[in-house]
Amino acid sequence: MDSYQLISRAETTHNLTEAELLQILQDSKTDPALFAAADRVRKKYVGNAVHLRALIEFTNICRNSCSYCGLRCQNQAVTRYRMNVEQIYTLAQKAAQWGYKTIVLQGGEDPFFTAELLVPLLRRIKALGLAITLSIGERPRCDYEAFKQAGADRYLLRIETTDKALYEKYNPGMSFENRLRCLQDLKQLGYETGTGILVGLPGQTPLSLAKDILFFKHLGADMIGLGPFIPNPDTPLKDAPAPQLLPALKVMALTRLLLPDINIPATTAMETLEPQGRQKALQCGANVIMPNITEGEARVNYALYPGKAAAAQAPQNLQEQLAQNLKKIGRYIGTGYGGHPPQRHC
Ligand code: 5AD
């Protein structure tokens with residue numbers, strides 16, 4: 001079957017085999033058709049609302065040494081910071097005042113933030129009426145359970161790549177099995193579970209990307225965050241080839257075809273690569289934006305990769321500007337919690 005036929009069939013069946021995914025990934029002539037199909041599926045299943053998640057990057061201290069990431073513990077070029085509980089709570093309060101319905105608490109794997117410390121904070125934040133997403137890496141199941149009971153609703157943990165050899169090469173000291181265990185625990189505990197990958201890691205093949213997409217479906221992911229790998233000069237992968245937006249957009253579009261009603265953010269890495277990257281993503285399947293509301297030095301020092309988009313942009317007035325830009329492409333800021341599965345939209 002030619003790629004056009006595969007895309008059009010997937011638009012209604014939401015299924016593609018590994019070989020079919022591979023064919024589309026390797027076919028560039030059908031890219032416009034793929035993006036248009038993903039955009040229609042997005043509109044049909046999750047509508048024109050774009051859900052905002054206020055991102056709080058509360059610590060850049062990390063015990064891991066991922067070869068692609070600027071927060072790796074060996075990197076001495078980054079100034080480390082750790083917010084205290086009151087600072088985090090104050091930012092959450094601001095997010096609620098500014099009308100956000102969800103906050104994302106994201107950080108490196110910082111052993112300082114024990115479950116004992118986080119649980120009371122989560123309870124207080126929950127009382128603000130916010131949905132809480134955590135993105136704080138691998139933890140024992142009992143921690144995930146405690147966070148859930150304290151009010152956490154969602155959890156983001158990218159698998160980064162489903163190629164086990166590649167995973168273990170770029171995440172030294174970490175185990176692929178443990179990462180899978182974490183994702184399964186999160187699903188079982190009833191979290192809306194998000195995962196995702198880096199697109200364009202050296203040694204990653206189109207076949208590996210096809211397998212990644214099938215993994216998202218197999219897991220029953222509620223959210224998928226993916227973006228281009230952007231080489232960071234302070235990491236071992238500094239000399240990797242220049243990053244590209246297109247392959248990441250293709251993986252995103254295929255993900256939308258196969259998991260039609262999930263939440264997919266237009267990620268910061270996409271915006272960093274191209275000024276219109278975010279808008280392109282929103283027109284290739286994405287339906288979520290995660291404005292970074294981290295303030296001050298912390299905002300500058302959460303340096304995963306160079307040029308992290310809008311590092312200097314002030315969080316205030318952001319929504320107004322965003323609403324105007326969204327309006328130009330027929331979209332609007334969602335007013336609900338924007339969870340998964342979606343509430344029926346009209
Ligand atoms: N380029 C793009 N994304 C990166 N991440 C880490 N380093 C980079 C990079 N150099 C992503 C990882 C991680 C998320 C928080 O940021 O996928 O899960």
# chains A, B, ... in the order shown; residues from 1 in each chain; ligands from 1
call {"tool": "residues_around", "arguments": {"residues": "Lys169 of chain A", "least_positions_apart": "5", "cutoff": "10 Å", "atoms": "only C-alpha atoms", "output": "PyMOL selection string"}}
result
chain A and resi 66-67+163-164+174
call {"tool": "write_last_selection", "arguments": {"atoms": "all heavy atoms", "output": "PDB file, in the first residue's frame"}}
result
ATOM      1  N   CYS A  66      22.834  11.489  32.319  1.00  0.00           N
ATOM      2  CA  CYS A  66      22.380  11.261  30.948  1.00  0.00           C
ATOM      3  C   CYS A  66      23.258  12.067  29.981  1.00  0.00           C
ATOM      4  O   CYS A  66      23.468  13.266  30.173  1.00  0.00           O
ATOM      5  CB  CYS A  66      20.911  11.660  30.812  1.00  0.00           C
ATOM      6  SG  CYS A  66      19.873  10.834  32.054  1.00  0.00           S
ATOM      7  N   SER A  67      23.740  11.375  28.951  1.00  0.00           N
ATOM      8  CA  SER A  67      24.761  11.971  28.066  1.00  0.00           C
ATOM      9  C   SER A  67      24.264  13.185  27.291  1.00  0.00           C
ATOM     10  O   SER A  67      25.069  13.937  26.763  1.00  0.00           O
ATOM     11  CB  SER A  67      25.234  10.943  27.054  1.00  0.00           C
ATOM     12  OG  SER A  67      25.482   9.728  27.665  1.00  0.00           O
ATOM     13  N   ASP A 163      14.852   1.751  22.463  1.00  0.00           N
ATOM     14  CA  ASP A 163      15.996   0.915  22.101  1.00  0.00           C
ATOM     15  C   ASP A 163      16.848   0.735  23.359  1.00  0.00           C
ATOM     16  O   ASP A 163      17.542   1.653  23.792  1.00  0.00           O
ATOM     17  CB  ASP A 163      16.775   1.624  20.977  1.00  0.00           C
ATOM     18  CG  ASP A 163      18.006   0.842  20.534  1.00  0.00           C
ATOM     19  OD1 ASP A 163      18.592   0.117  21.359  1.00  0.00           O
ATOM     20  OD2 ASP A 163      18.379   0.973  19.361  1.00  0.00           O
ATOM     21  N   LYS A 164      16.744  -0.454  23.940  1.00  0.00           N
ATOM     22  CA  LYS A 164      17.370  -0.700  25.249  1.00  0.00           C
ATOM     23  C   LYS A 164      18.882  -0.432  25.222  1.00  0.00           C
ATOM     24  O   LYS A 164      19.431   0.180  26.150  1.00  0.00           O
ATOM     25  CB  LYS A 164      17.087  -2.159  25.663  1.00  0.00           C
ATOM     26  CG  LYS A 164      17.671  -2.562  27.005  1.00  0.00           C
ATOM     27  CD  LYS A 164      17.139  -3.943  27.393  1.00  0.00           C
ATOM     28  CE  LYS A 164      18.106  -4.745  28.235  1.00  0.00           C
ATOM     29  NZ  LYS A 164      18.451  -4.202  29.525  1.00  0.00           N
ATOM     30  N   MET A 174      21.743   3.702  34.653  1.00  0.00           N
ATOM     31  CA  MET A 174      20.290   3.546  34.781  1.00  0.00           C
ATOM     32  C   MET A 174      19.870   2.253  34.071  1.00  0.00           C
ATOM     33  O   MET A 174      20.586   1.755  33.205  1.00  0.00           O
ATOM     34  CB  MET A 174      19.560   4.750  34.185  1.00  0.00           C
ATOM     35  CG  MET A 174      19.868   6.029  34.933  1.00  0.00           C
ATOM     36  SD  MET A 174      19.225   7.511  34.139  1.00  0.00           S
ATOM     37  CE  MET A 174      17.477   7.391  34.532  1.00  0.00           C
TER      38      MET A 174
END
call {"tool": "residues_near_ligand", "arguments": {"ligand": "ligand 1", "cutoff": "10 Å", "atoms": "only C-alpha atoms and all ligand atoms", "output": "MDAnalysis selection string"}}
result
chainID A and resid 57 66:72 106:108 135:137 156:161 195:201 225:235 237:238 243 267:270 272:273 302:306 308
call {"tool": "atom_distance", "arguments": {"atom1": "atom CA of Gln321 of chain A", "atom2": "atom CA of Gly307 of chain A"}}
result
21.0 Å
call {"tool": "select_by_dssp", "arguments": {"residues": "segment 131-322 of chain A", "states": "helix (DSSP H, G or I)", "output": "PyMOL selection string"}}
result
chain A and resi 141-149+164-170+176-188+206-219+246-258+268-273+277-282+296-301+318-322
call {"tool": "residues_around", "arguments": {"residues": "segment 132-134 of chain A", "least_positions_apart": "3", "cutoff": "9 Å", "atoms": "only C-alpha atoms", "output": "VMD selection string"}}
result
chain A and resid 53 101 to 107 122 125 to 126 137 147 151 to 157 192
call {"tool": "write_last_selection", "arguments": {"atoms": "C-alpha atoms", "output": "PDB file, in the first residue's frame"}}
result
ATOM      1  CA  ARG A  53       0.141  23.709  32.030  1.00  0.00           C
ATOM      2  CA  LYS A 101      -5.698  24.793  36.008  1.00  0.00           C
ATOM      3  CA  THR A 102      -2.651  22.544  36.013  1.00  0.00           C
ATOM      4  CA  ILE A 103       0.848  22.932  37.339  1.00  0.00           C
ATOM      5  CA  VAL A 104       3.751  20.725  36.386  1.00  0.00           C
ATOM      6  CA  LEU A 105       6.360  20.277  39.095  1.00  0.00           C
ATOM      7  CA  GLN A 106       9.487  19.330  37.229  1.00  0.00           C
ATOM      8  CA  GLY A 107      12.984  18.739  38.488  1.00  0.00           C
ATOM      9  CA  LEU A 122       1.244  18.446  47.309  1.00  0.00           C
ATOM     10  CA  ILE A 125      -1.134  22.816  46.361  1.00  0.00           C
ATOM     11  CA  LYS A 126      -4.099  20.529  45.772  1.00  0.00           C
ATOM     12  CA  GLY A 137      11.978  10.938  37.530  1.00  0.00           C
ATOM     13  CA  PHE A 147       2.179  11.352  45.826  1.00  0.00           C
ATOM     14  CA  GLY A 151      -3.268  14.744  45.225  1.00  0.00           C
ATOM     15  CA  ALA A 152      -0.929  14.268  42.262  1.00  0.00           C
ATOM     16  CA  ASP A 153      -3.001  13.494  39.164  1.00  0.00           C
ATOM     17  CA  ARG A 154      -0.491  13.052  36.376  1.00  0.00           C
ATOM     18  CA  TYR A 155       3.123  12.021  35.945  1.00  0.00           C
ATOM     19  CA  LEU A 156       5.587  12.592  33.120  1.00  0.00           C
ATOM     20  CA  LEU A 157       8.446  10.169  32.630  1.00  0.00           C
ATOM     21  CA  GLU A 192      -2.600  10.000  33.829  1.00  0.00           C
TER      22      GLU A 192
END
call {"tool": "atom_distance", "arguments": {"atom1": "atom CA of Arg80 of chain A", "atom2": "atom CA of Asn60 of chain A"}}
result
5.9 Å
call {"tool": "closest_residue", "arguments": {"among": "A:Glu86, A:Asp212, A:Glu145, A:Asp239", "to": "Cys182 of chain A", "atoms": "only C-alpha atoms"}}
result
A:Glu145
call {"tool": "select_by_dssp", "arguments": {"residues": "segment 86-147 of chain A", "states": "strand (DSSP E or B)", "output": "PyMOL selection string"}}
result
chain A and resi 102-107+131-135
call {"tool": "write_last_selection", "arguments": {"atoms": "N, CA, C and O atoms", "output": "short mmCIF file (atom, residue, chain, number, x, y, z; two decimals), in the first residue's frame"}}
result
data_model
loop_
_atom_site.label_atom_id
_atom_site.label_comp_id
_atom_site.auth_asym_id
_atom_site.auth_seq_id
_atom_site.Cartn_x
_atom_site.Cartn_y
_atom_site.Cartn_z
N THR A 102 -3.62 23.62 35.75
CA THR A 102 -2.65 22.54 36.01
C THR A 102 -1.27 23.14 36.25
O THR A 102 -0.88 24.06 35.54
N ILE A 103 -0.58 22.61 37.26
CA ILE A 103 0.85 22.93 37.34
C ILE A 103 1.65 21.65 37.15
O ILE A 103 1.20 20.56 37.51
N VAL A 104 2.81 21.83 36.55
CA VAL A 104 3.75 20.73 36.39
C VAL A 104 4.95 21.01 37.27
O VAL A 104 5.62 22.03 37.10
N LEU A 105 5.18 20.15 38.24
CA LEU A 105 6.36 20.28 39.09
C LEU A 105 7.44 19.40 38.50
O LEU A 105 7.35 18.17 38.53
N GLN A 106 8.44 20.07 37.92
CA GLN A 106 9.49 19.33 37.23
C GLN A 106 10.84 19.59 37.88
O GLN A 106 11.12 20.71 38.30
N GLY A 107 11.65 18.55 37.93
CA GLY A 107 12.98 18.74 38.49
C GLY A 107 13.91 17.61 38.10
O GLY A 107 13.48 16.58 37.56
N ALA A 131 -4.89 20.93 39.18
CA ALA A 131 -4.43 19.57 38.85
C ALA A 131 -2.91 19.59 38.93
O ALA A 131 -2.27 20.59 38.57
N ILE A 132 -2.35 18.50 39.46
CA ILE A 132 -0.90 18.45 39.66
C ILE A 132 -0.27 17.37 38.79
O ILE A 132 -0.67 16.20 38.83
N THR A 133 0.71 17.80 38.01
CA THR A 133 1.53 16.86 37.25
C THR A 133 2.92 16.85 37.86
O THR A 133 3.49 17.91 38.10
N LEU A 134 3.44 15.66 38.09
CA LEU A 134 4.81 15.55 38.58
C LEU A 134 5.72 15.08 37.45
O LEU A 134 5.32 14.27 36.61
N SER A 135 6.94 15.60 37.45
CA SER A 135 7.93 15.17 36.48
C SER A 135 9.28 15.19 37.20
O SER A 135 10.07 16.11 37.06
#
call {"tool": "closest_residue", "arguments": {"among": "A:Gln279, A:Ser208, A:Gln149, A:Gln93", "to": "Glu18 of chain A", "atoms": "only C-alpha atoms"}}
result
A:Ser208
call {"tool": "closest_residue", "arguments": {"among": "A:Phe58, A:Tyr170, A:Tyr337, A:Tyr4", "to": "Leu34 of chain A", "atoms": "only C-alpha atoms"}}
result
A:Tyr4
call {"tool": "residues_around", "arguments": {"residues": "Asp39 of chain A", "least_positions_apart": "4", "cutoff": "7 Å", "atoms": "only C-alpha atoms", "output": "VMD selection string"}}
result
chain A and resid 35 43 283 to 285
call {"tool": "residues_around", "arguments": {"residues": "Asn263 of chain A", "least_positions_apart": "3", "cutoff": "9 Å", "atoms": "only C-alpha atoms", "output": "ChimeraX atom specification"}}
result
/A:46,51,194,222-225,256,260,286-288,338-342
call {"tool": "atom_distance", "arguments": {"atom1": "atom CA of Leu209 of chain A", "atom2": "atom CA of Tyr191 of chain A"}}
result
24.9 Å
call {"tool": "closest_residue", "arguments": {"among": "A:Leu6, A:Leu246, A:Leu16, A:Ile262", "to": "Ala281 of chain A", "atoms": "only C-alpha atoms"}}
result
A:Leu246
call {"tool": "closest_residue", "arguments": {"among": "A:Gly277, A:Pro247, A:Gly334, A:Pro241", "to": "Ile24 of chain A", "atoms": "only C-alpha atoms"}}
result
A:Pro247
